[in-house]
Structures are given as structure tokens and as C-alpha cells.
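What follows is a single structure, written as C-alpha cells, with notes after it.
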Amino acid sequence: MVAKVSDVTAEVNACSDGDISKKVEDILSRRLDGLRVASNEARYLSTFATIHQLGYSANRLTRDAYGMQASYCVDTNINYTNICETGCGFCAFCRVKSDTDSYVLKMPRLLKKVNAAVKLGGTQILLQGGHNPDLDLHWHECMLRAIKDNFEVHIHGYSPPEIDFISRNNELDIETVLARLKTAGLDSLPGGGAEILVDKVRSRISPKKCNSSTWLKVMHTAHDLGLPGTATMMFGAGESWNDRVEHLQSVRKLQDITGGFTAFIPWGYQPTNTKLGGTEPSGVDYLRVLALSRIILDNTPHIQASWVTQGRHMAELALSFGADDFGSTMLEENVVRAAGVSNHMSQEQIRESIERCGLAPFQRDTMYKRI
Ligand code: SF4
């Protein structure tokens, strides 16, 4: 039994192991029959379900929806600047302007990176950067236009905290910022910067970053403007299972309203080179979070594995714990590498990984259409 006594209600404490197992099975059976897992049931599963119960149910839901196949995307991750005034405790990537290794990418260099990705069959540019007060909205519009003028590529860029920062830095509202970036070429938003959407957690690990309601408001506004996006969770930086469940419920609630999330991507905190320190969460934690995501997020079509943070073999396991997508090639990746984790996979290795899990691999675009 995986129970943590601190999470248990008095009623539950009075139950025997048999009662608990039966209740877990009942909740999961109803989910497999197409019913929604209620808030209290989600907390119950996070506390009492075994990894096998969660994995079996998440895999059943995934196979029922997608059969014996799994997708992946070919892309690169371009970080236009590492200068950031927000200084989150878990971040090993950010620099202050006076640091010798701080940078803002010059446009020719940035376009060279896009070109390299497109030449290798890349269809998506994941574009993210630090909160740099020297870069105004016009600079961002010019960057997007320069990419779109030269390449036919989907720009998946600007996580909600970046949008919030640009909005405050330019004294413009969020809707205006998003609309102008969309006009300049932005196609969708990555769900970065969500970490855990519970303010008591955020104020401890990233006190200068936008709060959870602003993160959700940016995504809501983006979806209303026709900019879809992903949702993410970075877990393992000291939050409770109840916090993780609350995060999943916030995503599910917004998705009920907008339907704008294409996928959910959880990954574990990587502590190396960070102010926050501590240890990374276990592989068991990762698989439990992933399976719970598939079980609780009944309205979000895709669940993505994260080989970049969890490594190739854990990502292969993820395909049996609710993930239907292996993620993307990330021809360039800087943020996780700064935290001491350096995993690399080619398109061929991704296909090989999917195949050795008994699934048929296929390349997709950002909107999960088969290429
Ligand atoms: S996580 Fe993002 S916002 Fe936070 S310090 Fe790093 S670059 Fe800045």
C-alpha cells in the first residue's frame, strides 16, 4: 500500500486494506467506464492506489484511445535569451545581464538554428526565454516575423509567465500582447512555467513569477484568441500529493471551458546547479504522476513522456503508464542541460524506443496531426 498517513481522512483511517483496495478499484473501474474522477476520489487515488493499479488503468485508457501506436515531433528548442530578472529557485538556466555567459540571440544566429531544424525535418520551433526587461514587445514581434518570413514552421512559443512579464514590461494587457504576437506569427503556447499551480508552493519556489490564476488567465485568453497550447507540471520540489492533484484539477477545469490544451506534460524537478537544491523525485513518483494525469485529465487528449528530463528508459516505461506521445527531438535544449541533465535522442532512436515498447511510431506536427 502506498498510503501516506498524513494525507488520510479519519474515515479512511478506519478502513481495512481490503476496503481501501476495493474503493480504489471502484474509482478506477468507473473511470474505465467513461466516468469522471471526482476531486476527493483523485486525492484518494493519489494516496492509496498502487503504482500497478494506476499504471494498468492509465495504459488501458491510452490503448483504448490510440491503439498500439505512439507519436513524436521533430523540433528544436530555441532560448532567445537567458537573461531573467525573475530568478526562480529551481532554475539553473537564468543569468543576470552582468554575467559573462548571459546572452540575447542575434537574429542571424537564431535564424541559423531554425534553418538547421527545418533541414532535419523539423516542423516546430519551441521558442522560450528569460524575463529580460531590455526586450520590448516590438523586439518579440520582429523575431517572430523574421522566422515566419523565412520558414514555413509552427512557432510554439512564450509560456504564460513570459506573456505576463511582457505585458507588465510594456504596460499592455495580456490580450493585447497575445493578439500582437499572434499577428506577428505565434501559433501556440507551451505550458511552461506552471510548475505547481498552487500559490503556497509557487511563493516558495518562484516568488517573483506569476501566480496560478495569472498562469491560467493567460492560457484562457490565448485559447479564446485561437492560440492552443500545452499544459505542464514540474513536480518534486517539495509539494504534497494534494498540491499535485489540485494542479491537475485546475488544468481540467480550464480545459472544460476552452478545450484549448492539446497535451499535458509532467516532469520531475532537476535540482543540480539550482538555489533551491534538494533531490530529484523518484522514477516511481514520475510514473504515478503520469498515470494520474491520464486518469484525471479525461478532457485532455494527449499525455507526453519527457525523455529530456527522465531519460530514455523512463520515457519508454511512460508509454505503459498513460503517455501516448514520446515528446520531441529537441535538436537543441539548454534549460534542462543547465540543471546537469544531458539526454540526447535522435529521431531514429525515438522511433526505436517506441518500437521496442511494441508500439508503432509516427511523426506528428504540433497539433498532433500525423505527418
Ligand atoms: S524558470 Fe524561467 S522565469 Fe524562472 S528564472 Fe528560469 S528563466 Fe526565469
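To be explicit about the labels: the chains of the C-alpha cells are called A, B, and onward in the order shown, and within each one the residues are counted from 1, while ligands get numbers from 1 in the order they are shown.
Neighbours of ligand 1 at a cut-off of 6 Å, computed so that only C-alpha atoms and all ligand atoms are counted, are the residues Cys84, Thr86, Gly87, Cys88, Cys91, Phe93, Cys94, Gly130 and His131 of chain A.
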Problem set entry | Test item: residues at most 7 Å from segment 95-109 of chain A, only C-alpha atoms, excluding those fewer than 6 positions along its chain, as a list in words |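 Answer for this query is Tyr80, Thr81, Asn82, Ile83, Cys84 and Glu85 of chain A.
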Got time to write the residues from that selection, C-alpha atoms, as a compact mmCIF listing (two decimals), in the first residue's frame?
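Saved result, result.txt, follows:
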# COMPACT_ATOMS: atom_id res chain seq x y z
CA TYR A 80 16.24 33.66 -27.29
CA THR A 81 17.79 34.97 -24.06
CA ASN A 82 18.96 33.59 -20.73
CA ILE A 83 18.78 36.98 -19.01
CA CYS A 84 15.98 36.82 -16.48
CA GLU A 85 15.05 39.07 -13.59
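Shell of Phe362 of chain A at 10 Å, with only C-alpha atoms counted and residues fewer than 2 places along the chain excluded, is Gln69, Ala70, Ser71, Tyr72, Cys73, Asp325, Ile350, Arg351, Ile354, Leu359, Ala360, Arg364, Lys369, Arg370 and Ile371 of chain A.
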For the residues in that selection, give me C-alpha atoms as a PDB file, in the first residue's frame.
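What ended up in result39.pdb:
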ATOM      1  CA  GLN A  69       0.958   3.412 -31.630  1.00  0.00           C
ATOM      2  CA  ALA A  70       2.749   6.417 -30.218  1.00  0.00           C
ATOM      3  CA  SER A  71       3.686   9.746 -31.756  1.00  0.00           C
ATOM      4  CA  TYR A  72       6.663  12.100 -31.595  1.00  0.00           C
ATOM      5  CA  CYS A  73       7.541  15.504 -33.005  1.00  0.00           C
ATOM      6  CA  ASP A 325       3.456  10.645 -27.162  1.00  0.00           C
ATOM      7  CA  ILE A 350      12.940   7.796 -30.626  1.00  0.00           C
ATOM      8  CA  ARG A 351      11.360   5.526 -33.244  1.00  0.00           C
ATOM      9  CA  ILE A 354       8.674   3.347 -29.358  1.00  0.00           C
ATOM     10  CA  LEU A 359       4.117   0.280 -30.499  1.00  0.00           C
ATOM     11  CA  ALA A 360       4.162   1.775 -33.990  1.00  0.00           C
ATOM     12  CA  ARG A 364       3.215  14.322 -35.816  1.00  0.00           C
ATOM     13  CA  LYS A 369      -1.707  15.536 -36.874  1.00  0.00           C
ATOM     14  CA  ARG A 370       0.182  12.646 -38.465  1.00  0.00           C
ATOM     15  CA  ILE A 371       2.875  13.772 -40.932  1.00  0.00           C
TER      16      ILE A 371
END
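Neighbouring residues of Glu41 of chain A at 10 Å or closer, counting only C-alpha atoms and skipping chain neighbours under 3 positions away, are Lys23, Val24, Ile27, Leu28, Arg36, Val37, Ala38, Tyr44, Leu45, Ser46, Thr47 and Ile296 of chain A.
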Using the selection just defined, write its residues with C-alpha atoms as a compact mmCIF listing (two decimals), in the first residue's frame.
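out.txt, written as the output of this step:
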# COMPACT_ATOMS: atom_id res chain seq x y z
CA LYS A 23 -12.58 1.59 -3.15
CA VAL A 24 -9.56 2.23 -5.41
CA ILE A 27 -13.00 4.51 -8.69
CA LEU A 28 -10.75 3.17 -11.45
CA ARG A 36 -15.06 11.40 -14.34
CA VAL A 37 -12.91 11.03 -11.22
CA ALA A 38 -14.19 13.49 -8.60
CA TYR A 44 -7.84 9.09 -2.69
CA LEU A 45 -6.13 7.55 -5.73
CA SER A 46 -3.02 9.67 -5.26
CA THR A 47 -2.76 8.40 -1.68
CA ILE A 296 -7.77 12.61 -14.02
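The residue set within 12 Å of Ser206 of chain A, counting only C-alpha atoms and dropping same-chain residues fewer than 6 places from it, reads A:Glu85, A:Thr86, A:Gly87, A:Cys88, A:Gly89, A:Phe90, A:Cys91, A:Pro161, A:Gly193, A:Ala194, A:Glu195, A:Ile196, A:Leu197, A:Val198, A:Asp199, A:Lys200, A:Ser212, A:Ala237, A:Thr274, A:Lys275, A:Leu276.
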Residues as selected, C-alpha atoms, written as a short mmCIF file (atom, residue, chain, number, x, y, z; two decimals), in the first residue's frame, can you do that?
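Written out: result_19.cif:
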data_model
loop_
_atom_site.label_atom_id
_atom_site.label_comp_id
_atom_site.auth_asym_id
_atom_site.auth_seq_id
_atom_site.Cartn_x
_atom_site.Cartn_y
_atom_site.Cartn_z
CA GLU A 85 15.05 39.07 -13.59
CA THR A 86 12.67 36.55 -12.03
CA GLY A 87 15.29 34.22 -10.53
CA CYS A 88 13.21 31.14 -9.68
CA GLY A 89 14.82 28.96 -7.01
CA PHE A 90 14.64 25.81 -9.15
CA CYS A 91 16.18 27.38 -12.28
CA PRO A 161 4.94 33.73 -17.31
CA GLY A 193 6.16 27.98 -16.01
CA ALA A 194 3.22 26.14 -14.48
CA GLU A 195 5.40 24.22 -12.03
CA ILE A 196 2.68 23.54 -9.44
CA LEU A 197 -0.46 25.67 -9.81
CA VAL A 198 -0.85 26.19 -6.07
CA ASP A 199 0.22 29.60 -4.78
CA LYS A 200 1.69 28.44 -1.47
CA SER A 212 -1.51 30.34 -10.61
CA ALA A 237 10.16 20.48 -5.42
CA THR A 274 19.85 25.44 -8.51
CA LYS A 275 19.43 27.69 -5.45
CA LEU A 276 16.59 25.52 -4.19
#
For this session: For segment 261-273 of chain A, please output as a PyMOL selection string all residues within 7 Å (counting only C-alpha atoms; exclusion window: fewer than 6 positions along the same chain).
Result: chain A and resi 90+92+228-237+255+279-281+286+290+300-306+309+339-340+367
Exercise. Running DSSP on the backbone, which parts of segment 186-239 of chain A land in alpha helix (DSSP H), as JSON, numbers by chain?
Worked result: {"A": [199, 200, 201, 202, 203, 204, 205, 212, 213, 214, 215, 216, 217, 218, 219, 220, 221, 222, 223, 224]}
Problem set entry | Residue nearest Val114 of chain A among A:Thr50, A:Thr329, A:Ser203, A:Thr76 (counting only C-alpha atoms) |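 Using only C-alpha atoms, Val114 of chain A sits closest to A:Thr76.
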For this session: Have a look at A:Ala184, A:Leu178, A:Gly191, A:Ala117 and name the one nearest to Met143 of chain A; count only C-alpha atoms.
Result: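 Going through A:Ala184, A:Leu178, A:Gly191, A:Ala117 one by one, the smallest distance to Met143 of chain A is for A:Ala184.
Inside segment 62-95 of chain A, the residues DSSP reads as strand (DSSP E) when given the backbone are A:Gln69, A:Ala70, A:Ser71, A:Tyr72, A:Cys73, A:Asp75, A:Thr76, A:Asn77, A:Ile78, A:Asn79.
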Output C-alpha atoms for every residue in the selection just made, as an mmCIF file, in the first residue's frame.
data_model
loop_
_atom_site.group_PDB
_atom_site.id
_atom_site.type_symbol
_atom_site.label_atom_id
_atom_site.label_comp_id
_atom_site.auth_asym_id
_atom_site.auth_seq_id
_atom_site.Cartn_x
_atom_site.Cartn_y
_atom_site.Cartn_z
ATOM 1 C CA GLN A 69 0.958 3.412 -31.630
ATOM 2 C CA ALA A 70 2.749 6.417 -30.218
ATOM 3 C CA SER A 71 3.686 9.746 -31.756
ATOM 4 C CA TYR A 72 6.663 12.100 -31.595
ATOM 5 C CA CYS A 73 7.541 15.504 -33.005
ATOM 6 C CA ASP A 75 11.611 20.228 -33.356
ATOM 7 C CA THR A 76 14.231 22.353 -31.709
ATOM 8 C CA ASN A 77 14.114 24.426 -28.549
ATOM 9 C CA ILE A 78 15.461 27.938 -29.049
ATOM 10 C CA ASN A 79 16.022 30.094 -25.958
#
Problem set entry | Spatial neighbours of Ser21 of chain A, max dist 9 Å, only C-alpha atoms, sep filter under 5 positions, as a list in words |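 The neighbour list is Met1, Ser16, Asp26, Phe48, Ala49 and Thr50 of chain A.
You will find atom CA of Ser213 of chain A at 21.3 Å from atom CA of Gly129 of chain A.
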Problem set entry | Nearest to Ser353 of chain A, chosen from A:Tyr368, A:Trp307, A:Tyr66, A:Phe321, with only C-alpha atoms counted in the distances | A:Trp307
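Distance-wise, atom CA of Gly226 of chain A and atom CA of Arg294 of chain A end up 24.7 Å apart.
As for atom CA of Ser29 of chain A and atom CA of Ser293 of chain A, they are spaced 16.2 Å apart.
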